[in-house]
Amino acid sequence: MEKGAKQIENLIKSIKKKALPPLIPYITCWDPDLDTTSAILWELAEIEPACIELGFPFSDPVADGPTIQKAIVRALQHNPTFEEFFEFIEKLNSQNYPVPIVCMTYYNILYRFGLEKTVKYAIDSGLSGFIIPDLPIEEANPWLKVNKGKGLATIFLVAPTSSEERIKKIAKVCSGFLYYISLTGVTGVREKLPEDIIQRLILVKNFSPVPVGVGFGVSKKEHINMLSPYVDAIIIGSAIVKIIEEKGKNAPQEIKKFLNSLK
Amino acid sequence: MSLPNKKGYFGNFGGKFVPETLIPNLYELEKAYLQIKKDLKFWKEWKNILQEYAGRPTPLYYASNFSKYLGGHLKVYFKREDLLHTGAHKLNNTIGQVLLAKKMGKTRIIAETGAGQHGVATATACALLDMKCVIYMGAKDTERQALNVFRMKLLGAEVIPVYSGTQTLKDAINEALRDWVTNVKDTLYVIGSVVGPHPYPMIVRDFQSIIGLETKKQILQKEGKFPDIIIACVGGGSNAMGIFYPFVKYKEVKFIGVEAAGHGLDTDYHSATLCKGVPGVLHGMLTYLLQDKVGQIKGAHSIAPGLDYPGTGPEHSYYKEIKRAEYVAVTDEEALKAFKILSETEGIIPALESAHAAAYLIKIAKKIPKNTIVVINLSGRGDKDVMIVKDYFEKKS
C-alpha cells in the first residue's frame, strides 16, 4: 500500500469502525539506542496503531515537557543525522513494516537539511509525513509548497487557544490527521484534562475534513474512555517515553503491555 | 518601507516560529503594542519613569583620555548606558514591556536571564509597577551569577533554575516559552533582547531606540554633525539595535557590531553568530545561529555573560545581509585588555560586554582617518564582572 497521508486517513477510519479510535504512539528515535527503537516499533505494530510518531531529536524542544526532553538528551548522545533517520525508515520499510510512520521534529532540522531534500528523502524512504510543532500556518507556506501533490501527511496542530477562524485555516492544510493539543502547556502526563475539552473537540471535528487526533497529557484509561466518542485517534507520548526511561532495553514488551491495558 | 513587514520579517529574517498555542498571544501582544505605539500618554508615562526614576537621558561623554590613548587622532564618545539604574540599558525595555503588560491587563510577568542583567531589570520594573515576577535562569548561570540571583530575590522575584539542555541562557528562553505556553491568559513574557518571535524584535528595538535618539540630539549639540562610526557589542543585539536604529537611514554613519570571539573564531568556544553562524530557526525566529551540520544548536562561549548566546536578533541578520552594518568579533583576551584600559584611562569600569566594543576600536584605531568621530555604546557597567576578571587574571598569573 502506498505510504502517506491517504493511508493514515484510511487506517484511522477502518480501525475506528471496528472498535475504539486507534492509538498513535510517540517515541523518540535513538532513545536509548537505535536497536531498542527498532524493537519498540515492531512491538508497537502489534497493537494496531493508525500510525506512529517517531521523533527526530532537536536540541531545543520548546513544545516538550521534561519526560520527552530527557528522551531527546538520551537520543542526542548518538549524534544522529537526518540521513541516518531516513536510512532507518528505509530499512524498516524494506522489512515490510506495516504501520505508517510520521516524523515529529522541529523546523530547524528540516530547514538545515533543505525542505525539498527533506520531502524527497521522506518519499524515497517510505516515511509518511511530518509533524512540526514550531511551524504554525503563518510560516508554513514554503513547507506546503514543496509538499504539493507529494502525498506526504502535513500534520498541523490546533490548540485550546486557537480561534474558530484559525481552526478552519489550519484544518484546510492538514492531511493525514489534524493534531488537537488537549491543553495549554507542553507534552507530559497529566492527571486531569481540561473541562471544556469535549466541546472543543466537537468544534474542531466540525471544521476538519481529515480525522482529528488528540494528544498532550493523555495517559490513562479514563482519559481514553472520555475522549473516544469525540475523536478519531488518540496520541500517547510521554507515558510511553517514561517506560523507556525506566526500563531501557527492556521497554518494548512493557510498552505493549501498557498500551494493551489502555484498549 | 518600515520594517518589520506585516508578517514580522526583516528581509529574509524574523517571523514567528512558535507552537500554535502561543500564536494568539503574539497577535494579542502585537495589537496591544500597535495601539499604545500611537498613544502619546503611554510614551509620556514611560519617559517620565525613565527620567525621574532611572536617570535618563544618559550622558554622551567625550572620552578624551581614551581618545588620547588611541593616538589622539580620533574623537571618541561613550554613550553612558552604564549610568542607567540597575547598571545597563536593559531597563529601557523592561519598564516599557511591563507597562505594556499592565495596559493589557496581565498580572504575571515571566522573563529569561543569562547573566542576570535582564532578570534584575525585569524584577526592578515589576517591583516598581507592582507585578508578579518569575525569572528563568540556567542552573549553571545561577551558580556563576549567585549575587544577581540574590538581587532578583531582594526585588521580590521568584528565580527558577533551569536544568535542561546546556543549562544556560538558551535553555532559560526555552523554559520561559514553555511557561508561557502553559500560562497563556494572565502572563506576559518579557523578552530581554531584540530576539524571539515577532513582534518582540520590533518592540524591544523601539524601546531601546531611546539610546540612539538621545545620541543623535547630543552629538548634534556637541559636534554639529552625526558620528562617522557607531560601535556596539552584539549578543542578542538590543543595545546595538537601540543605538543603530535611529541612524539607519543616514548611510554616512557606519555601524559596527562586535561579537564575542571567546577563545578564538577558529575554536568551538565563541559566540560570534553573525561572523560564523548560518541561518536557522530558534526561539521563534529565523536568524543566524551557531549550529552543527544537522541543525542542533551549539553552546556559545564568551567571558562576557551577556554575549553568551548562539543566536542573534533577526534585524541584525538583515543588516548583515544588506551590508548596512559590519559585524566583527574580538576575543576574551582583547575584551579584558579593553576592560583594563577603560578603567585606567577613564575611571570607567565597563561591563565585559561593552568592553568588546571598545576592544575593537583599540584594534582598528590606527587605520581610522584623522578627526573621525566615533560613538561607543557603553551599554553597561562592570561591577557585575569584577569577580570574573579577578579570577581570570589570578589564574593567568
# chains A, B, ... in the order shown; residues from 1 in each chain; ligands from 1
>>> interface_residues(of="chain A", to="chain B", cutoff="7 Å", atoms="only C-alpha atoms", output="NGL selection string")
:A and (58-60 or 62-63 or 81-82 or 107-109 or 111-112 or 133-136 or 139 or 157-162 or 184-186)
>>> residues_around(residues="Tyr360 in chain B", least_positions_apart="3", cutoff="8 Å", atoms="only C-alpha atoms", output="PDB file with N, CA and C atoms, in the first residue's frame")
ATOM      1  N   VAL B 258      30.042  44.308  17.381  1.00  0.00           N
ATOM      2  CA  VAL B 258      31.171  43.484  17.821  1.00  0.00           C
ATOM      3  C   VAL B 258      30.667  42.269  18.593  1.00  0.00           C
ATOM      4  N   ALA B 329      34.416  40.432  15.417  1.00  0.00           N
ATOM      5  CA  ALA B 329      34.478  39.787  16.729  1.00  0.00           C
ATOM      6  C   ALA B 329      35.831  40.035  17.380  1.00  0.00           C
ATOM      7  N   VAL B 330      35.835  40.131  18.718  1.00  0.00           N
ATOM      8  CA  VAL B 330      37.101  40.210  19.459  1.00  0.00           C
ATOM      9  C   VAL B 330      37.110  39.111  20.528  1.00  0.00           C
ATOM     10  N   HIS B 356      33.916  44.719  24.773  1.00  0.00           N
ATOM     11  CA  HIS B 356      34.141  44.174  23.426  1.00  0.00           C
ATOM     12  C   HIS B 356      34.093  45.280  22.369  1.00  0.00           C
ATOM     13  N   ALA B 357      33.143  46.211  22.530  1.00  0.00           N
ATOM     14  CA  ALA B 357      33.017  47.305  21.566  1.00  0.00           C
ATOM     15  C   ALA B 357      34.277  48.169  21.594  1.00  0.00           C
ATOM     16  N   LYS B 363      41.667  47.944  18.436  1.00  0.00           N
ATOM     17  CA  LYS B 363      42.278  47.113  17.400  1.00  0.00           C
ATOM     18  C   LYS B 363      42.443  47.854  16.069  1.00  0.00           C
ATOM     19  N   ILE B 364      41.433  48.658  15.716  1.00  0.00           N
ATOM     20  CA  ILE B 364      41.463  49.263  14.373  1.00  0.00           C
ATOM     21  C   ILE B 364      41.796  50.751  14.381  1.00  0.00           C
TER      22      ILE B 364
END
>>> residues_around(residues="Val73 in chain A", least_positions_apart="3", cutoff="8 Å", atoms="only C-alpha atoms", output="ChimeraX atom specification")
/A:57,59,69-70,76-77 /B:165
>>> write_last_selection(atoms="N, CA, C and O atoms", output="PDB file, in the first residue's frame")
ATOM      1  N   PRO A  57      15.388  13.875  17.281  1.00  0.00           N
ATOM      2  CA  PRO A  57      15.714  14.780  18.393  1.00  0.00           C
ATOM      3  C   PRO A  57      16.267  16.125  17.936  1.00  0.00           C
ATOM      4  O   PRO A  57      17.058  16.192  17.003  1.00  0.00           O
ATOM      5  N   SER A  59      17.886  19.826  19.713  1.00  0.00           N
ATOM      6  CA  SER A  59      18.499  20.302  20.957  1.00  0.00           C
ATOM      7  C   SER A  59      17.612  21.241  21.781  1.00  0.00           C
ATOM      8  O   SER A  59      17.802  21.365  22.989  1.00  0.00           O
ATOM      9  N   GLN A  69      11.921  15.775  26.888  1.00  0.00           N
ATOM     10  CA  GLN A  69      13.227  16.456  26.873  1.00  0.00           C
ATOM     11  C   GLN A  69      14.353  15.494  27.232  1.00  0.00           C
ATOM     12  O   GLN A  69      15.410  15.475  26.601  1.00  0.00           O
ATOM     13  N   LYS A  70      14.111  14.681  28.261  1.00  0.00           N
ATOM     14  CA  LYS A  70      15.157  13.743  28.694  1.00  0.00           C
ATOM     15  C   LYS A  70      15.410  12.680  27.627  1.00  0.00           C
ATOM     16  O   LYS A  70      16.546  12.271  27.404  1.00  0.00           O
ATOM     17  N   LEU A  76      20.281  12.264  21.616  1.00  0.00           N
ATOM     18  CA  LEU A  76      21.323  13.121  21.021  1.00  0.00           C
ATOM     19  C   LEU A  76      22.727  12.619  21.333  1.00  0.00           C
ATOM     20  O   LEU A  76      23.685  12.971  20.644  1.00  0.00           O
ATOM     21  N   GLN A  77      22.840  11.779  22.372  1.00  0.00           N
ATOM     22  CA  GLN A  77      24.165  11.227  22.681  1.00  0.00           C
ATOM     23  C   GLN A  77      24.716  10.398  21.530  1.00  0.00           C
ATOM     24  O   GLN A  77      25.920  10.198  21.421  1.00  0.00           O
TER      25      GLN A  77
ATOM     26  N   GLY B 165      19.048  20.968  28.891  1.00  0.00           N
ATOM     27  CA  GLY B 165      19.987  21.378  27.845  1.00  0.00           C
ATOM     28  C   GLY B 165      21.346  21.763  28.380  1.00  0.00           C
ATOM     29  O   GLY B 165      21.921  21.056  29.205  1.00  0.00           O
TER      30      GLY B 165
END
>>> select_by_dssp(residues="range 90-329 of chain B", states="helix (DSSP H, G or I)", output="ChimeraX atom specification")
/B:90-103,117-129,139-144,146-154,169-182,200-208,210-223,238-247,273-276,305-307,314-321
>>> select_by_dssp(residues="range 76-238 of chain B", states="strand (DSSP E)", output="PyMOL selection string")
chain B and resi 76-80+108-113+132-138+158-162+187-189+229-233
>>> write_last_selection(atoms="N, CA, C and O atoms", output="short mmCIF file (atom, residue, chain, number, x, y, z; two decimals), in the first residue's frame")
data_model
loop_
_atom_site.label_atom_id
_atom_site.label_comp_id
_atom_site.auth_asym_id
_atom_site.auth_seq_id
_atom_site.Cartn_x
_atom_site.Cartn_y
_atom_site.Cartn_z
N VAL B 76 36.47 60.14 20.46
CA VAL B 76 35.63 59.02 20.88
C VAL B 76 34.65 59.46 21.97
O VAL B 76 35.05 60.07 22.96
N TYR B 77 33.40 59.17 21.73
CA TYR B 77 32.36 59.44 22.72
C TYR B 77 31.83 58.12 23.27
O TYR B 77 31.74 57.13 22.55
N PHE B 78 31.47 58.14 24.56
CA PHE B 78 30.78 56.99 25.17
C PHE B 78 29.33 57.36 25.44
O PHE B 78 29.07 58.38 26.10
N LYS B 79 28.41 56.55 24.96
CA LYS B 79 27.02 56.72 25.39
C LYS B 79 26.88 55.94 26.69
O LYS B 79 27.02 54.72 26.71
N ARG B 80 26.63 56.69 27.78
CA ARG B 80 26.79 56.13 29.12
C ARG B 80 25.56 55.38 29.63
O ARG B 80 24.97 55.76 30.66
N ARG B 108 0.95 38.75 35.58
CA ARG B 108 2.15 37.98 35.89
C ARG B 108 3.16 38.17 34.77
O ARG B 108 2.80 38.11 33.59
N ILE B 109 4.42 38.42 35.17
CA ILE B 109 5.49 38.62 34.20
C ILE B 109 6.47 37.46 34.31
O ILE B 109 6.86 37.05 35.41
N ILE B 110 6.88 36.91 33.15
CA ILE B 110 7.99 35.96 33.16
C ILE B 110 9.10 36.52 32.28
O ILE B 110 8.84 37.30 31.37
N ALA B 111 10.34 36.14 32.60
CA ALA B 111 11.45 36.57 31.78
C ALA B 111 12.57 35.55 31.90
O ALA B 111 12.61 34.77 32.86
N GLU B 112 13.46 35.57 30.92
CA GLU B 112 14.65 34.74 30.97
C GLU B 112 15.82 35.64 31.35
O GLU B 112 15.75 36.85 31.15
N THR B 113 16.84 35.07 31.89
CA THR B 113 18.05 35.86 32.03
C THR B 113 19.27 34.97 31.91
O THR B 113 19.23 33.79 32.27
N LYS B 132 3.63 40.56 39.58
CA LYS B 132 4.24 39.30 39.98
C LYS B 132 5.33 38.95 38.96
O LYS B 132 5.14 39.13 37.76
N CYS B 133 6.48 38.46 39.44
CA CYS B 133 7.62 38.30 38.53
C CYS B 133 8.31 36.95 38.73
O CYS B 133 8.71 36.59 39.84
N VAL B 134 8.44 36.20 37.65
CA VAL B 134 9.14 34.91 37.68
C VAL B 134 10.27 34.94 36.65
O VAL B 134 10.04 35.28 35.48
N ILE B 135 11.48 34.63 37.11
CA ILE B 135 12.64 34.69 36.22
C ILE B 135 13.22 33.29 36.01
O ILE B 135 13.51 32.58 36.98
N TYR B 136 13.38 32.89 34.76
CA TYR B 136 14.04 31.63 34.44
C TYR B 136 15.51 31.87 34.16
O TYR B 136 15.87 32.79 33.41
N MET B 137 16.34 31.04 34.76
CA MET B 137 17.78 31.23 34.62
C MET B 137 18.44 29.86 34.57
O MET B 137 18.12 28.98 35.38
N GLY B 138 19.33 29.65 33.61
CA GLY B 138 20.05 28.39 33.51
C GLY B 138 20.72 28.06 34.84
O GLY B 138 21.26 28.95 35.50
N GLU B 158 10.66 35.62 41.85
CA GLU B 158 10.96 34.22 42.06
C GLU B 158 11.94 33.81 40.96
O GLU B 158 11.72 34.12 39.78
N VAL B 159 13.04 33.15 41.34
CA VAL B 159 14.03 32.74 40.35
C VAL B 159 13.99 31.21 40.22
O VAL B 159 14.17 30.50 41.21
N ILE B 160 13.73 30.73 39.01
CA ILE B 160 13.64 29.28 38.79
C ILE B 160 14.84 28.80 37.98
O ILE B 160 15.00 29.20 36.82
N PRO B 161 15.70 27.97 38.60
CA PRO B 161 16.86 27.46 37.85
C PRO B 161 16.41 26.44 36.80
O PRO B 161 15.51 25.64 37.06
N VAL B 162 17.03 26.48 35.63
CA VAL B 162 16.65 25.59 34.53
C VAL B 162 17.75 24.55 34.34
O VAL B 162 18.90 24.90 34.08
N THR B 187 -0.34 35.85 31.72
CA THR B 187 1.09 36.11 31.75
C THR B 187 1.59 36.82 30.50
O THR B 187 1.12 36.55 29.40
N LEU B 188 2.57 37.73 30.67
CA LEU B 188 3.30 38.25 29.51
C LEU B 188 4.76 37.87 29.66
O LEU B 188 5.35 38.01 30.73
N TYR B 189 5.31 37.38 28.59
CA TYR B 189 6.73 37.06 28.55
C TYR B 189 7.49 38.32 28.12
O TYR B 189 7.29 38.82 27.03
N ILE B 229 31.23 56.81 12.92
CA ILE B 229 31.15 55.38 13.24
C ILE B 229 30.43 55.19 14.57
O ILE B 229 30.69 55.93 15.53
N ILE B 230 29.55 54.21 14.63
CA ILE B 230 28.96 53.79 15.91
C ILE B 230 29.35 52.34 16.15
O ILE B 230 29.20 51.49 15.26
N ILE B 231 29.88 52.08 17.33
CA ILE B 231 30.31 50.71 17.66
C ILE B 231 29.53 50.22 18.88
O ILE B 231 29.41 50.93 19.87
N ALA B 232 29.02 49.01 18.78
CA ALA B 232 28.31 48.41 19.92
C ALA B 232 28.54 46.91 19.93
O ALA B 232 28.78 46.31 18.88
N CYS B 233 28.48 46.32 21.11
CA CYS B 233 28.62 44.87 21.19
C CYS B 233 27.30 44.21 20.81
O CYS B 233 26.24 44.81 20.94
#
>>> closest_residue(among="B:Leu3, B:Ala365, B:Lys276, B:Val386", to="Gly71 in chain B", atoms="only C-alpha atoms")
B:Ala365
>>> residues_around(residues="Pro199 in chain B", least_positions_apart="6", cutoff="7 Å", atoms="only C-alpha atoms", output="list of chain:residue names")
B:Gly8, B:Leu26, B:Glu30
>>> atom_distance(atom1="CA of Asp196 in chain A", atom2="CA of Phe156 in chain A")
21.1 Å
>>> atom_distance(atom1="CA of Pro252 in chain A", atom2="CA of Thr37 in chain A")
8.4 Å
>>> closest_residue(among="B:Ala304, B:Leu99, B:Ala355, B:Leu91", to="Thr122 in chain B", atoms="only C-alpha atoms")
B:Leu91
